[in-house]
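Only one structure is covered here, and it is reproduced in the block below.
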Amino acid sequence: MDIINKYFPNLTPTQSGQFERLGSLYPEWNEKINVISRKDISNLYEHHILHSLSIARFITPEPETTFLDMGTGGGFPGIPLAIMWPHCRFHLIDRVGKKLKVAKAISDEIGLSNVTIQHGDIGECRNRYDFVVSRAVMKIGELIPLIRKNISTVSKNSFPNGLLCLKGGDLSAELGVVREPMIEVPLSDYFTEEFFQTKELIYVDL
């Protein structure tokens with residue numbers, strides 16, 4: 001939890017309490033349903049929660065901005081972002097029902113009223129959102145055609161509506177096929193920990 005306070009020192013008491021609860025809820029659920037590698041659960045705050053919150057260093061959304069978390073798994077990046085932005089709405093979708101069970105249980109337990117859950121394929125989601133967020137689900141060139149239909153045509157934020165994707169490793173080949181306007185941000189610009197040296201945030205204007 002200290003690492004969250006380090007980079008986000010102005011959390012409300014409610015937000016601090018919710019982030020604190022994640023530190024016990026995810027390990028408890030992970031014993032029953034594996035949503036985070038058991039070797040990595042001890043790095044929950046740095047590798048999963050803070051990683052998700054890198055999106056909150058890139059953009060500050062207007063109230064009522066809507067987000068679709070595509071391939072959310074156990075709730076990343078959607079749940080940390082929903083805590084950070086209680087004035088925005090988040091729809092979490094995944095094809096793996098047991099992982100969504102964890103995301104829903106944790107969301108309910110910490111009292112998130114701005115989160116909805118859908119078990120299914122992205123093709124079954126027809127609603128439109130301001131932004132789609134995703135954490136290493138698939139290659140961006142393959143993801144864009146799937147989620148383009150879900151991007152609202154009316155923008156209200158400083159960045160036009162589009163895709164916010166968290167990725168790692170050498171992305172040169174993957175990003176080389178993307179034709180849409182794009183911003184590539186090394187997460188080492190935001191965080192000093194070694195884990196973030198090879199991680200990036202990719203914004204695509206759709």
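Going through the structure tokens in order, the chains are called A, B, and so on, while each chain numbers its residues from 1 and the ligands are numbered from 1 in the order shown.
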Fewer than 4 positions away in the same chain doesn't count, so skip those; otherwise give me all residues within 12 Å of Asn127 (chain A), counting only C-alpha atoms, as a ChimeraX atom specification. /A:66-68,90-91,93,118,122-123,131-132,147-153
If we count only C-alpha atoms and set the cut-off at 6 Å, which residues sit around Tyr203 (chain A), ignoring sequence neighbours fewer than 4 positions away in its own chain? Please answer as a ChimeraX atom specification. /A:163-164,182-183
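When only C-alpha atoms are used to compute distances to Arg179 (chain A), the closest of the residues A:Ile33, A:Gly141, A:Phe191, A:Ile202 turns out to be A:Gly141.
Of all the residues in region 89-174 of chain A, the ones DSSP labels as strand (DSSP E or B) from the backbone are A:Arg89, A:Phe90, A:His91, A:Leu92, A:Ile93, A:Asp94, A:Val115, A:Thr116, A:Ile117, A:Gln118, A:His119, A:Tyr129, A:Phe131, A:Val132, A:Val133, A:Ser134, A:Arg135, A:Ile151, A:Gly162, A:Leu163, A:Leu164, A:Cys165, A:Leu166, A:Lys167, A:Gly168.
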Selection from above, C-alpha atoms, as a PDB file, in the first residue's frame, can you write it?
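Contents of selection.pdb, freshly written:
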ATOM      1  CA  ARG A  89     -18.209   4.216 -14.945  1.00  0.00           C
ATOM      2  CA  PHE A  90     -16.509   0.918 -15.751  1.00  0.00           C
ATOM      3  CA  HIS A  91     -17.787  -2.160 -17.583  1.00  0.00           C
ATOM      4  CA  LEU A  92     -15.572  -5.234 -17.112  1.00  0.00           C
ATOM      5  CA  ILE A  93     -15.800  -8.072 -19.638  1.00  0.00           C
ATOM      6  CA  ASP A  94     -14.009 -11.417 -19.856  1.00  0.00           C
ATOM      7  CA  VAL A 115     -18.589  -1.153 -11.889  1.00  0.00           C
ATOM      8  CA  THR A 116     -20.629  -3.587 -13.991  1.00  0.00           C
ATOM      9  CA  ILE A 117     -19.557  -7.076 -15.067  1.00  0.00           C
ATOM     10  CA  GLN A 118     -20.198  -9.056 -18.259  1.00  0.00           C
ATOM     11  CA  HIS A 119     -19.268 -12.690 -18.869  1.00  0.00           C
ATOM     12  CA  TYR A 129     -17.670   3.799 -24.299  1.00  0.00           C
ATOM     13  CA  PHE A 131     -12.265   4.499 -23.735  1.00  0.00           C
ATOM     14  CA  VAL A 132     -11.394   0.827 -23.912  1.00  0.00           C
ATOM     15  CA  VAL A 133      -8.674  -0.210 -21.452  1.00  0.00           C
ATOM     16  CA  SER A 134      -6.734  -3.444 -21.673  1.00  0.00           C
ATOM     17  CA  ARG A 135      -3.718  -5.038 -20.033  1.00  0.00           C
ATOM     18  CA  ILE A 151     -15.847   3.503 -29.042  1.00  0.00           C
ATOM     19  CA  GLY A 162      -9.820   5.499 -28.001  1.00  0.00           C
ATOM     20  CA  LEU A 163      -7.786   2.632 -26.620  1.00  0.00           C
ATOM     21  CA  LEU A 164      -5.516   2.695 -23.544  1.00  0.00           C
ATOM     22  CA  CYS A 165      -3.393  -0.416 -23.480  1.00  0.00           C
ATOM     23  CA  LEU A 166      -0.733  -1.578 -21.003  1.00  0.00           C
ATOM     24  CA  LYS A 167       2.020  -3.627 -22.612  1.00  0.00           C
ATOM     25  CA  GLY A 168       5.544  -4.896 -21.972  1.00  0.00           C
TER      26      GLY A 168
END
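By chain and then residue number, the residues within 12 Å of Lys101 (chain A) are A:Tyr26, A:Trp29, A:Asn30, A:Lys32, A:Ile33, A:Asn34, A:Val35, A:Thr72, A:Gly73, A:Gly74, A:Gly75, A:Leu92, A:Ile93, A:Asp94, A:Arg95, A:Val96, A:Gly97, A:Lys98, A:Lys99, A:Ala103, A:Lys104, A:Ala105, A:Ile106, A:Ser107, A:Asp108, A:Ile117, A:Gln118, A:His119, counting only C-alpha atoms and disregarding those fewer than 2 positions away in sequence.
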Using N, CA, C and O atoms, can you write the selected residues to a file as an mmCIF file, in the first residue's frame?
data_model
loop_
_atom_site.group_PDB
_atom_site.id
_atom_site.type_symbol
_atom_site.label_atom_id
_atom_site.label_comp_id
_atom_site.auth_asym_id
_atom_site.auth_seq_id
_atom_site.Cartn_x
_atom_site.Cartn_y
_atom_site.Cartn_z
ATOM 1 N N TYR A 26 -7.432 -9.971 -2.621
ATOM 2 C CA TYR A 26 -6.872 -10.692 -3.770
ATOM 3 C C TYR A 26 -6.102 -11.948 -3.355
ATOM 4 O O TYR A 26 -6.303 -13.018 -3.954
ATOM 5 N N TRP A 29 -8.779 -14.631 -2.401
ATOM 6 C CA TRP A 29 -9.453 -15.199 -3.557
ATOM 7 C C TRP A 29 -8.501 -16.002 -4.430
ATOM 8 O O TRP A 29 -8.897 -17.000 -5.043
ATOM 9 N N ASN A 30 -7.256 -15.574 -4.499
ATOM 10 C CA ASN A 30 -6.290 -16.247 -5.361
ATOM 11 C C ASN A 30 -6.002 -17.674 -4.899
ATOM 12 O O ASN A 30 -5.583 -18.524 -5.684
ATOM 13 N N LYS A 32 -8.331 -19.643 -3.985
ATOM 14 C CA LYS A 32 -9.458 -20.428 -4.503
ATOM 15 C C LYS A 32 -9.488 -20.442 -6.032
ATOM 16 O O LYS A 32 -9.736 -21.470 -6.652
ATOM 17 N N ILE A 33 -9.284 -19.262 -6.625
ATOM 18 C CA ILE A 33 -9.346 -19.103 -8.080
ATOM 19 C C ILE A 33 -8.125 -18.316 -8.512
ATOM 20 O O ILE A 33 -7.950 -17.160 -8.129
ATOM 21 N N ASN A 34 -7.298 -18.918 -9.330
ATOM 22 C CA ASN A 34 -6.016 -18.317 -9.691
ATOM 23 C C ASN A 34 -6.199 -17.219 -10.739
ATOM 24 O O ASN A 34 -6.397 -17.506 -11.920
ATOM 25 N N VAL A 35 -6.126 -15.954 -10.297
ATOM 26 C CA VAL A 35 -6.206 -14.840 -11.235
ATOM 27 C C VAL A 35 -4.866 -14.115 -11.365
ATOM 28 O O VAL A 35 -4.656 -13.339 -12.294
ATOM 29 N N THR A 72 -10.648 -8.328 -18.673
ATOM 30 C CA THR A 72 -10.290 -7.829 -17.343
ATOM 31 C C THR A 72 -9.704 -8.889 -16.414
ATOM 32 O O THR A 72 -8.989 -8.557 -15.469
ATOM 33 N N GLY A 73 -9.976 -10.173 -16.679
ATOM 34 C CA GLY A 73 -9.482 -11.218 -15.775
ATOM 35 C C GLY A 73 -10.080 -11.028 -14.389
ATOM 36 O O GLY A 73 -11.281 -10.969 -14.215
ATOM 37 N N GLY A 74 -9.214 -10.869 -13.387
ATOM 38 C CA GLY A 74 -9.684 -10.658 -12.024
ATOM 39 C C GLY A 74 -9.967 -9.209 -11.682
ATOM 40 O O GLY A 74 -10.186 -8.879 -10.515
ATOM 41 N N GLY A 75 -9.955 -8.334 -12.696
ATOM 42 C CA GLY A 75 -10.328 -6.947 -12.447
ATOM 43 C C GLY A 75 -9.255 -5.909 -12.690
ATOM 44 O O GLY A 75 -9.317 -4.803 -12.150
ATOM 45 N N LEU A 92 -16.635 -4.230 -17.056
ATOM 46 C CA LEU A 92 -15.572 -5.234 -17.112
ATOM 47 C C LEU A 92 -16.086 -6.471 -17.837
ATOM 48 O O LEU A 92 -17.131 -7.025 -17.463
ATOM 49 N N ILE A 93 -15.376 -6.902 -18.868
ATOM 50 C CA ILE A 93 -15.800 -8.072 -19.638
ATOM 51 C C ILE A 93 -14.652 -9.070 -19.757
ATOM 52 O O ILE A 93 -13.487 -8.689 -19.895
ATOM 53 N N ASP A 94 -14.997 -10.361 -19.680
ATOM 54 C CA ASP A 94 -14.009 -11.417 -19.856
ATOM 55 C C ASP A 94 -14.741 -12.693 -20.247
ATOM 56 O O ASP A 94 -15.910 -12.891 -19.898
ATOM 57 N N ARG A 95 -14.040 -13.570 -20.968
ATOM 58 C CA ARG A 95 -14.633 -14.844 -21.382
ATOM 59 C C ARG A 95 -14.544 -15.901 -20.296
ATOM 60 O O ARG A 95 -15.210 -16.940 -20.393
ATOM 61 N N VAL A 96 -13.707 -15.678 -19.272
ATOM 62 C CA VAL A 96 -13.489 -16.685 -18.225
ATOM 63 C C VAL A 96 -14.336 -16.340 -17.004
ATOM 64 O O VAL A 96 -14.027 -15.408 -16.258
ATOM 65 N N GLY A 97 -15.405 -17.091 -16.820
ATOM 66 C CA GLY A 97 -16.366 -16.782 -15.774
ATOM 67 C C GLY A 97 -15.801 -16.819 -14.367
ATOM 68 O O GLY A 97 -16.152 -15.998 -13.525
ATOM 69 N N LYS A 98 -14.905 -17.772 -14.098
ATOM 70 C CA LYS A 98 -14.400 -17.891 -12.731
ATOM 71 C C LYS A 98 -13.532 -16.700 -12.353
ATOM 72 O O LYS A 98 -13.506 -16.286 -11.185
ATOM 73 N N LYS A 99 -12.836 -16.117 -13.316
ATOM 74 C CA LYS A 99 -12.054 -14.916 -13.019
ATOM 75 C C LYS A 99 -12.970 -13.730 -12.736
ATOM 76 O O LYS A 99 -12.712 -12.922 -11.838
ATOM 77 N N ALA A 103 -13.516 -10.804 -9.666
ATOM 78 C CA ALA A 103 -13.655 -9.361 -9.884
ATOM 79 C C ALA A 103 -14.957 -8.838 -9.281
ATOM 80 O O ALA A 103 -14.967 -7.788 -8.621
ATOM 81 N N LYS A 104 -16.049 -9.569 -9.469
ATOM 82 C CA LYS A 104 -17.338 -9.123 -8.934
ATOM 83 C C LYS A 104 -17.352 -9.163 -7.420
ATOM 84 O O LYS A 104 -17.827 -8.229 -6.764
ATOM 85 N N ALA A 105 -16.822 -10.247 -6.853
ATOM 86 C CA ALA A 105 -16.815 -10.377 -5.393
ATOM 87 C C ALA A 105 -16.005 -9.252 -4.748
ATOM 88 O O ALA A 105 -16.436 -8.649 -3.754
ATOM 89 N N ILE A 106 -14.844 -8.957 -5.309
ATOM 90 C CA ILE A 106 -14.000 -7.907 -4.741
ATOM 91 C C ILE A 106 -14.636 -6.539 -4.942
ATOM 92 O O ILE A 106 -14.648 -5.700 -4.028
ATOM 93 N N SER A 107 -15.191 -6.301 -6.134
ATOM 94 C CA SER A 107 -15.872 -5.039 -6.401
ATOM 95 C C SER A 107 -17.012 -4.803 -5.407
ATOM 96 O O SER A 107 -17.174 -3.703 -4.863
ATOM 97 N N ASP A 108 -17.800 -5.851 -5.162
ATOM 98 C CA ASP A 108 -18.909 -5.744 -4.203
ATOM 99 C C ASP A 108 -18.398 -5.541 -2.786
ATOM 100 O O ASP A 108 -18.944 -4.734 -2.021
ATOM 101 N N ILE A 117 -20.313 -5.891 -14.640
ATOM 102 C CA ILE A 117 -19.557 -7.076 -15.067
ATOM 103 C C ILE A 117 -20.320 -7.788 -16.181
ATOM 104 O O ILE A 117 -21.540 -7.926 -16.113
ATOM 105 N N GLN A 118 -19.592 -8.256 -17.190
ATOM 106 C CA GLN A 118 -20.198 -9.056 -18.259
ATOM 107 C C GLN A 118 -19.334 -10.266 -18.560
ATOM 108 O O GLN A 118 -18.143 -10.132 -18.855
ATOM 109 N N HIS A 119 -19.953 -11.453 -18.489
ATOM 110 C CA HIS A 119 -19.268 -12.690 -18.869
ATOM 111 C C HIS A 119 -19.557 -12.942 -20.341
ATOM 112 O O HIS A 119 -20.695 -13.165 -20.738
#
Separation of CA of Val185 (chain A) and CA of Leu50 (chain A), in Å?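 CA of Leu50 (chain A) lies at a distance of 15.5 Å from CA of Val185 (chain A).
Distances to Gln15 (chain A) were evaluated for A:Pro145, A:Trp85, A:Lys199, A:Ser158 using only C-alpha atoms, and the minimum falls at A:Trp85.
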Residue contacts of Ser172 (chain A) (12 Å, only C-alpha atoms) excluding same-chain residues fewer than 2 positions away, as a VMD selection string: chain A and resid 139 to 140 167 to 170 174 to 178 184 200 202
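Atom pair CA of Leu22 (chain A) / CA of Asp40 (chain A) has a distance of 14.7 Å (rounded to one decimal).
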Compare A:Ser155, A:Asn10, A:Arg38, A:Pro27 by their minimum atom-to-atom distance to Pro61 (chain A), counting only C-alpha atoms, and give me the closest one.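 Nearest to Pro61 (chain A): A:Ser155.
Counting from CA of Asn157 (chain A), the distance to CA of Thr12 (chain A) is 23.2 Å.
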Pick from A:Met84, A:Pro186, A:Ala56, A:Met70, whichever lies nearest to Ser16 (chain A) using only C-alpha atoms: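 Closest to Ser16 (chain A), using only C-alpha atoms: A:Met84.
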Write out as a PyMOL selection string the set of residues from region 43-202 of chain A that DSSP, computed on the backbone, places in helix (DSSP H, G or I). chain A and resi 43-53+55-58+78-84+97-109+122-124+140-150+172-176+187-189+194-198
Contacts of region 110-112 of chain A at 9 Å or less, counting only C-alpha atoms, minus same-chain residues fewer than 6 places along, as a PyMOL selection string? chain A and resi 17-19+21-22+79+82-83+86
